[in-house]
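Engineer: Here it is: the structure, laid out below.
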Amino acid sequence: MRFLCLLPLVAVAAFGQAFDAAASAADVATLVKGVTTLPVHGVPGPVLPLSSTAFPVVTGGKPKERAALVAAARVGEGRVVVFGHGGYLSAADASRTMVVNAMKWVVAGRKGPVAVDGSADLVQRLVAEGIDARRVKASVMLADPKAWSALLVDTHAMRDEHLDPLREHLRQGGGLVTAGLVWGWMQIRREDDPAKHPGNKLLAPMGLAFGDGYLGPRRGSEFVIDGKPDPLTHPLAALAKLSRPVDAAADRKAEQDRMAAAAHTLVTAVRTVAPDDRLLRPALEAERKRMPPAVPTDAKPLGSKDALARVLLAMELDALALMPPEKMKAHPAAADFPGAVPESAPRVERAVTVDLAVDGWHSTGLYAPPGGTVTVEVPPGTPIGELGWRIGCHSDGIWGHDAWKRAPKVDASGRLGIGATPIASPFGGLVYITSGRRGKGSATITIRGAVRAPLFVAGKTDLAAWEAEERSAPGPWAEIATKKVVITVPSSVVRDLKDPDRVAAFWDAGLDACADLAAISRERPRPERMVADVQISAGYMHSGYPIMTHLDVARRFVTPKEMLDDPSTGWGFFHELGHNHQEGAWTFEGTGEVTNNLFTLYCLETVCGLKDGGHDAMDETKSRERMAAHLAKGAPYEAWKSDPFLALSMYVQLRRAFGWEPFKKVFASYRDPSAGLAPRNDDQKRDQWMVRFSKVVERDLGPFFRRWGVPVSADAEKLIGHLPPWMPESSASRPGGS
């Protein structure tokens, strides 16, 4: 209870005053005047109002993940309005009214011209509203912001040299309407610190910030504006919520959701603001030092009832990320996951040769003890490029989950230079050397202070050595690696594994099958990776680099016999590998979870010896019934798009009639310039899939597509009208068929 008693005093001392939603109501009304909804532009990110003079304007997101899409602040004598995606600044829909309102509000009656880095139509609209707007390039207005009463410009156009003049412009009464998108910026820059985003470097010290993550509407496909933005999207209000005792009279579920929403806001803010932040960190830091560290485990997760603990754990992880390696200590949660290293385990030195032309992670067979310092030495003359280090294979952040079964971030990474670099992680983990897309040559890098972890490299590791010592190495995580795939599992799974070569061969066969169907080379630019984890960011498994799955299937990774005896076991693995081979050119709306399963079916058939199965939903009787019901209803396309197994049945009919070779030829055609331009939209994707497949099989598939209810254009049908029409012979393709 000490936390509940002390926090309000700390908050008042740190913030001066609390956020008052009522005080901003008039400003919100002005900013949303004439706007009832905002469309979704791209994939917006959250905006954080941080100071007592900043406030949310439009909010969205799920009940436990509310965040602001639009926020505003008074900064000194000036004013700022920010949007969570740059598309809102240039859109010609309802967003334009919102932008005009924002410009009126930031100008606040000041005289002088307004600089707009936007369309001529927007400038005309502002002029019509009585604002002296001029269309000006971003570089020109940012070079001398004091020449303008207000600016409209995206934060991504800002450079470090622009920031101080902009701050002074705002303090002296200037206005700014801007936008930012942290997740996209981080992805492009390969940056993992939101505080380095140009918009955050400018605005976070002044009370506004762009947070990492995605933000959607509360419901439907639009942001609904009611003039009453959720106050818990403001960290000050969220802090006040968590500092009060739970309202016993409130609905328990609703109160838990509100506590979770408050925690979500604060966790996002903690992960966003810079280490020298003076608006939020002081209040939380004081309490973090008073309270014992939170230790999430599989047996005792941190859930919504632990809202304060979740926030303080986020704060702790943020502080640990900045800790010098020589001062790093093991986090108490590391013993549960990813695991401790025996004190008696010898620390070793190993030289690792890395092919810098291979983008991604390079396994070393070494494990960094939690809190222990490991030294990585790069010899002179090494082409550094994007050379880096990584500790931990568990790269999934689980911040968005209602309960954390482990710390939400357990990996660490950084860049390497010539010479010795000390590295450490409070959670420990497998040690990797990383290289970038433009790497060249090779390098022999020496690593000291780690312990050995089981690593079997196909074609290199001697089986006798594996059985005698390698599989018994003390590191708690192990890898089986080939040039095509790396499987990462708990070491306990491989302690008794006698045939890692068979495991490697099985997965190589799966990767070769995927390559064959995709009509790409079996020689990969880098191996795929598949990692087991106690908790992942989304789904039961998900695609990516690495593919992530849960611990309960870890043993299946290294048990090919299980997948050969019961091929349904492999559905999930091959499903995710299919996603990694999917291409947008032949994946249109409704087929995101369909075209990847062509690879699932192909792998199950060619590697495991099973046709058209591996999943209950693909049972022939169920598939037949599903098709007949769909056709009897007139084959509505909306229904087809919403049922992945129904849609997959259409592709299966093509496979049964023509085999897999046409699929390979069609996939290859999309990479052949002589076969025509790639599709630019969904209509073209459907048309091209039908036309390309029809030409390969020399049959007119127009009637087949129409029968299934998949729309194609008359022009596309004309291109294949000279071919003999085709329909499957199965009676299930006719309404009422038995």
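Residue numbers start at 1 in each chain; chains themselves are named A, B, ... in the order of the structure tokens; ligands are numbered from 1 in the order shown.
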Residues at most 7 Å from A:Trp708, counting only C-alpha atoms, excluding those fewer than 4 positions away in the same chain, as a PyMOL selection string?
Structural biologist: chain A and resi 631+635+704
Engineer: Would you list, as a VMD selection string, the residues of stretch 189-233 of chain A that end up in alpha helix (DSSP H) under DSSP run on this structure's backbone?
Structural biologist: chain A and resid 189 198 to 203
Engineer: With only C-alpha atoms as the basis for distance, which of A:Met618, A:Cys608, A:Ala473, A:Ala22 is at the shortest distance from A:Val348?
Structural biologist: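 Nearest candidate to A:Val348 out of A:Met618, A:Cys608, A:Ala473, A:Ala22: A:Ala473.
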Engineer: Find the residues near stretch 183-190 of chain A: any atom within 10 Å, counting only C-alpha atoms, skip ones fewer than 6 places away on the same chain, and give them as a list in words.
Structural biologist: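 Close residues of stretch 183-190 of chain A: Val43, Pro44, Gly45, Pro46, His85, His156, Lys196, His197, Pro198, Phe210, Gly211, Asp212, Gly213 and Tyr214 of chain A.
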Engineer: Using only C-alpha atoms, which residues sit within 10 Å of A:Ala515 once same-chain residues fewer than 4 positions away are excluded, as a list of chain:residue names?
Structural biologist: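 So, after excluding close chain neighbours, the residues are A:Ala509, A:Gly510, A:Leu511, A:Ala519, A:Ile520, A:Ser521, A:Arg522, A:Glu523, A:Arg524, A:His581, A:Phe599, A:Lys664.
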Engineer: Please produce an output containing N, CA, C and O atoms for each residue in the selection, written as a compact mmCIF listing (two decimals), in the first residue's frame.
Structural biologist:
# COMPACT_ATOMS: atom_id res chain seq x y z
N ALA A 509 14.45 -30.67 -46.50
CA ALA A 509 13.49 -31.14 -47.50
C ALA A 509 12.28 -30.22 -47.53
O ALA A 509 11.74 -29.91 -48.61
N GLY A 510 11.82 -29.79 -46.36
CA GLY A 510 10.69 -28.86 -46.30
C GLY A 510 11.01 -27.53 -46.95
O GLY A 510 10.19 -26.97 -47.69
N LEU A 511 12.20 -27.01 -46.69
CA LEU A 511 12.60 -25.73 -47.30
C LEU A 511 12.79 -25.87 -48.80
O LEU A 511 12.43 -24.98 -49.57
N ALA A 519 9.10 -21.60 -57.11
CA ALA A 519 9.92 -21.47 -58.32
C ALA A 519 11.10 -20.53 -58.08
O ALA A 519 11.39 -19.64 -58.88
N ILE A 520 11.76 -20.74 -56.94
CA ILE A 520 12.97 -19.99 -56.63
C ILE A 520 14.09 -20.99 -56.37
O ILE A 520 13.86 -22.19 -56.24
N SER A 521 15.29 -20.50 -56.27
CA SER A 521 16.44 -21.37 -56.07
C SER A 521 16.39 -22.05 -54.70
O SER A 521 15.98 -21.44 -53.71
N ARG A 522 16.83 -23.28 -54.66
CA ARG A 522 16.95 -23.97 -53.37
C ARG A 522 18.09 -23.40 -52.54
O ARG A 522 18.11 -23.58 -51.32
N GLU A 523 19.02 -22.73 -53.18
CA GLU A 523 20.11 -22.08 -52.46
C GLU A 523 19.61 -20.73 -51.95
O GLU A 523 19.33 -19.83 -52.74
N ARG A 524 19.53 -20.59 -50.65
CA ARG A 524 18.90 -19.40 -50.05
C ARG A 524 19.93 -18.33 -49.69
O ARG A 524 21.06 -18.65 -49.30
N HIS A 581 7.01 -17.41 -47.78
CA HIS A 581 7.22 -17.54 -49.23
C HIS A 581 6.10 -16.88 -50.04
O HIS A 581 6.16 -16.86 -51.27
N PHE A 599 1.63 -23.89 -49.86
CA PHE A 599 2.92 -24.42 -49.45
C PHE A 599 2.74 -25.48 -48.37
O PHE A 599 3.46 -26.49 -48.35
N LYS A 664 3.74 -23.70 -60.10
CA LYS A 664 5.14 -23.29 -60.16
C LYS A 664 5.39 -22.35 -61.33
O LYS A 664 6.09 -21.33 -61.21
Engineer: Which residues, written as a ChimeraX atom specification, have at least one atom at most 9 Å from A:Trp466, with only C-alpha atoms counted and residues fewer than 3 positions away on the same chain left out?
Structural biologist: /A:454-456,461-463,469-472,498,500
Engineer: Please write the residues from the selection above to a file, keeping N, CA and C atoms, as a PDB file, in the first residue's frame.
Structural biologist:
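Result saved to part.pdb:
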ATOM      1  N   PRO A 454      24.527 -26.199 -27.011  1.00  0.00           N
ATOM      2  CA  PRO A 454      24.454 -27.232 -28.056  1.00  0.00           C
ATOM      3  C   PRO A 454      24.196 -26.626 -29.442  1.00  0.00           C
ATOM      4  N   LEU A 455      25.051 -26.966 -30.383  1.00  0.00           N
ATOM      5  CA  LEU A 455      24.886 -26.506 -31.763  1.00  0.00           C
ATOM      6  C   LEU A 455      25.314 -27.622 -32.698  1.00  0.00           C
ATOM      7  N   PHE A 456      24.370 -28.062 -33.520  1.00  0.00           N
ATOM      8  CA  PHE A 456      24.681 -29.039 -34.566  1.00  0.00           C
ATOM      9  C   PHE A 456      24.578 -28.339 -35.910  1.00  0.00           C
ATOM     10  N   THR A 461      29.316 -30.654 -38.002  1.00  0.00           N
ATOM     11  CA  THR A 461      29.427 -31.236 -36.673  1.00  0.00           C
ATOM     12  C   THR A 461      29.506 -32.757 -36.764  1.00  0.00           C
ATOM     13  N   ASP A 462      30.531 -33.319 -36.158  1.00  0.00           N
ATOM     14  CA  ASP A 462      30.705 -34.770 -36.144  1.00  0.00           C
ATOM     15  C   ASP A 462      29.662 -35.407 -35.225  1.00  0.00           C
ATOM     16  N   LEU A 463      29.002 -36.466 -35.710  1.00  0.00           N
ATOM     17  CA  LEU A 463      27.939 -37.099 -34.924  1.00  0.00           C
ATOM     18  C   LEU A 463      28.470 -37.683 -33.619  1.00  0.00           C
ATOM     19  N   GLU A 469      29.617 -34.934 -26.431  1.00  0.00           N
ATOM     20  CA  GLU A 469      29.759 -33.708 -25.644  1.00  0.00           C
ATOM     21  C   GLU A 469      28.900 -32.529 -26.106  1.00  0.00           C
ATOM     22  N   GLU A 470      28.706 -32.368 -27.413  1.00  0.00           N
ATOM     23  CA  GLU A 470      28.053 -31.144 -27.887  1.00  0.00           C
ATOM     24  C   GLU A 470      26.635 -31.000 -27.347  1.00  0.00           C
ATOM     25  N   ARG A 471      25.850 -32.067 -27.377  1.00  0.00           N
ATOM     26  CA  ARG A 471      24.454 -31.966 -26.933  1.00  0.00           C
ATOM     27  C   ARG A 471      24.347 -31.761 -25.430  1.00  0.00           C
ATOM     28  N   SER A 472      25.448 -31.983 -24.696  1.00  0.00           N
ATOM     29  CA  SER A 472      25.442 -31.804 -23.244  1.00  0.00           C
ATOM     30  C   SER A 472      25.991 -30.449 -22.823  1.00  0.00           C
ATOM     31  N   LYS A 498      19.840 -38.344 -30.825  1.00  0.00           N
ATOM     32  CA  LYS A 498      20.941 -39.086 -31.420  1.00  0.00           C
ATOM     33  C   LYS A 498      21.083 -38.858 -32.921  1.00  0.00           C
ATOM     34  N   PRO A 500      20.562 -35.815 -35.061  1.00  0.00           N
ATOM     35  CA  PRO A 500      20.322 -34.437 -35.520  1.00  0.00           C
ATOM     36  C   PRO A 500      20.458 -34.297 -37.032  1.00  0.00           C
TER      37      PRO A 500
END
Engineer: Would you mind reading off the distance between atom CA of A:Ile720 and atom CA of A:Asp687, one decimal, in Å?
Structural biologist: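 Atom-to-atom, atom CA of A:Ile720 and atom CA of A:Asp687 are spaced 10.8 Å apart.
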Engineer: For A:Gly84, which residue out of A:Leu317, A:Ala102, A:Ala238, A:Leu181 is the nearest one, using only C-alpha atoms?
Structural biologist: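 Counting only C-alpha atoms, the residue closest to A:Gly84 is A:Leu181.
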Engineer: May I ask for the distance between atom CA of A:Ala262 and atom CA of A:Val35, given in Å to one decimal place?
Structural biologist: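 So the two atoms, atom CA of A:Ala262 and atom CA of A:Val35, lie 26.9 Å apart.
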Engineer: Taking only C-alpha atoms into account, produce a table as a tab-separated table in which each residue of stretch 168-284 of chain A with an atom at most 9 Å from an atom of stretch 88-98 of chain A appears once, together with its shortest atom pair and the distance in Å to one decimal, ordered by chain and rising number.
Structural biologist:
residue	atom	partner	partner_atom	distance
A:Val177	CA	A:Leu89	CA	8.4
A:Thr178	CA	A:Leu89	CA	7.5
A:Ala179	CA	A:Leu89	CA	7.3
Engineer: Keeping only N, CA and C atoms, take the residues you just selected and write them out as a CSV table (one decimal), in the first residue's frame.
Structural biologist:
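So part.csv came out as:
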chain,number,residue,atom,x,y,z
A,177,VAL,N,1.6,22.1,-37.1
A,177,VAL,CA,0.8,21.0,-37.4
A,177,VAL,C,1.7,20.0,-38.0
A,178,THR,N,1.7,18.8,-37.4
A,178,THR,CA,2.7,17.8,-37.9
A,178,THR,C,2.2,16.4,-37.7
A,179,ALA,N,3.0,15.4,-38.1
A,179,ALA,CA,2.6,14.0,-38.0
A,179,ALA,C,3.9,13.2,-37.9
Engineer: Here is a test: counting only C-alpha atoms, which residue of A:Leu279, A:Val489, A:Leu48, A:Ala307 is nearest to A:Gln256?
Structural biologist: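 Of the candidates, the smallest distance to A:Gln256 is held by A:Ala307.
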Engineer: Please list as a ChimeraX atom specification every residue within 12 Å of A:Gly207, counting only C-alpha atoms and excluding residues in the same chain fewer than 6 positions away.
Structural biologist: /A:15,19,47-56,71-76,79-82,167,199-201,234-236,269,273,277-280
Engineer: Mind the document's chain letters and residue numbers, and return as a PyMOL selection string the residues of stretch 126-372 of chain A that DSSP labels strand (DSSP E or B).
Structural biologist: chain A and resi 133-135+150-152+175-179+208-210+219+222-224+302+348-355+360-368
Engineer: Work out how far atom CA of A:Ser344 is from atom CA of A:Ile445, in Å to one decimal.
Structural biologist: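 Interatomic distance, atom CA of A:Ile445 to atom CA of A:Ser344: 25.4 Å.
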Engineer: List as an MDAnalysis selection string the protein and nucleic acid residues near A:Ala108, meaning an atom at most 10 Å away when only C-alpha atoms are counted, but skip any in the same chain fewer than 3 places from it.
Structural biologist: chainID A and resid 78:79 102:105 111 149:150 173:175
Engineer: My list of candidates is A:Asp516, A:Pro292, A:Leu564, A:Ile225. Which is closest to A:Ala668 when distances are computed with only C-alpha atoms?
Structural biologist: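 Closest to A:Ala668, using only C-alpha atoms: A:Asp516.
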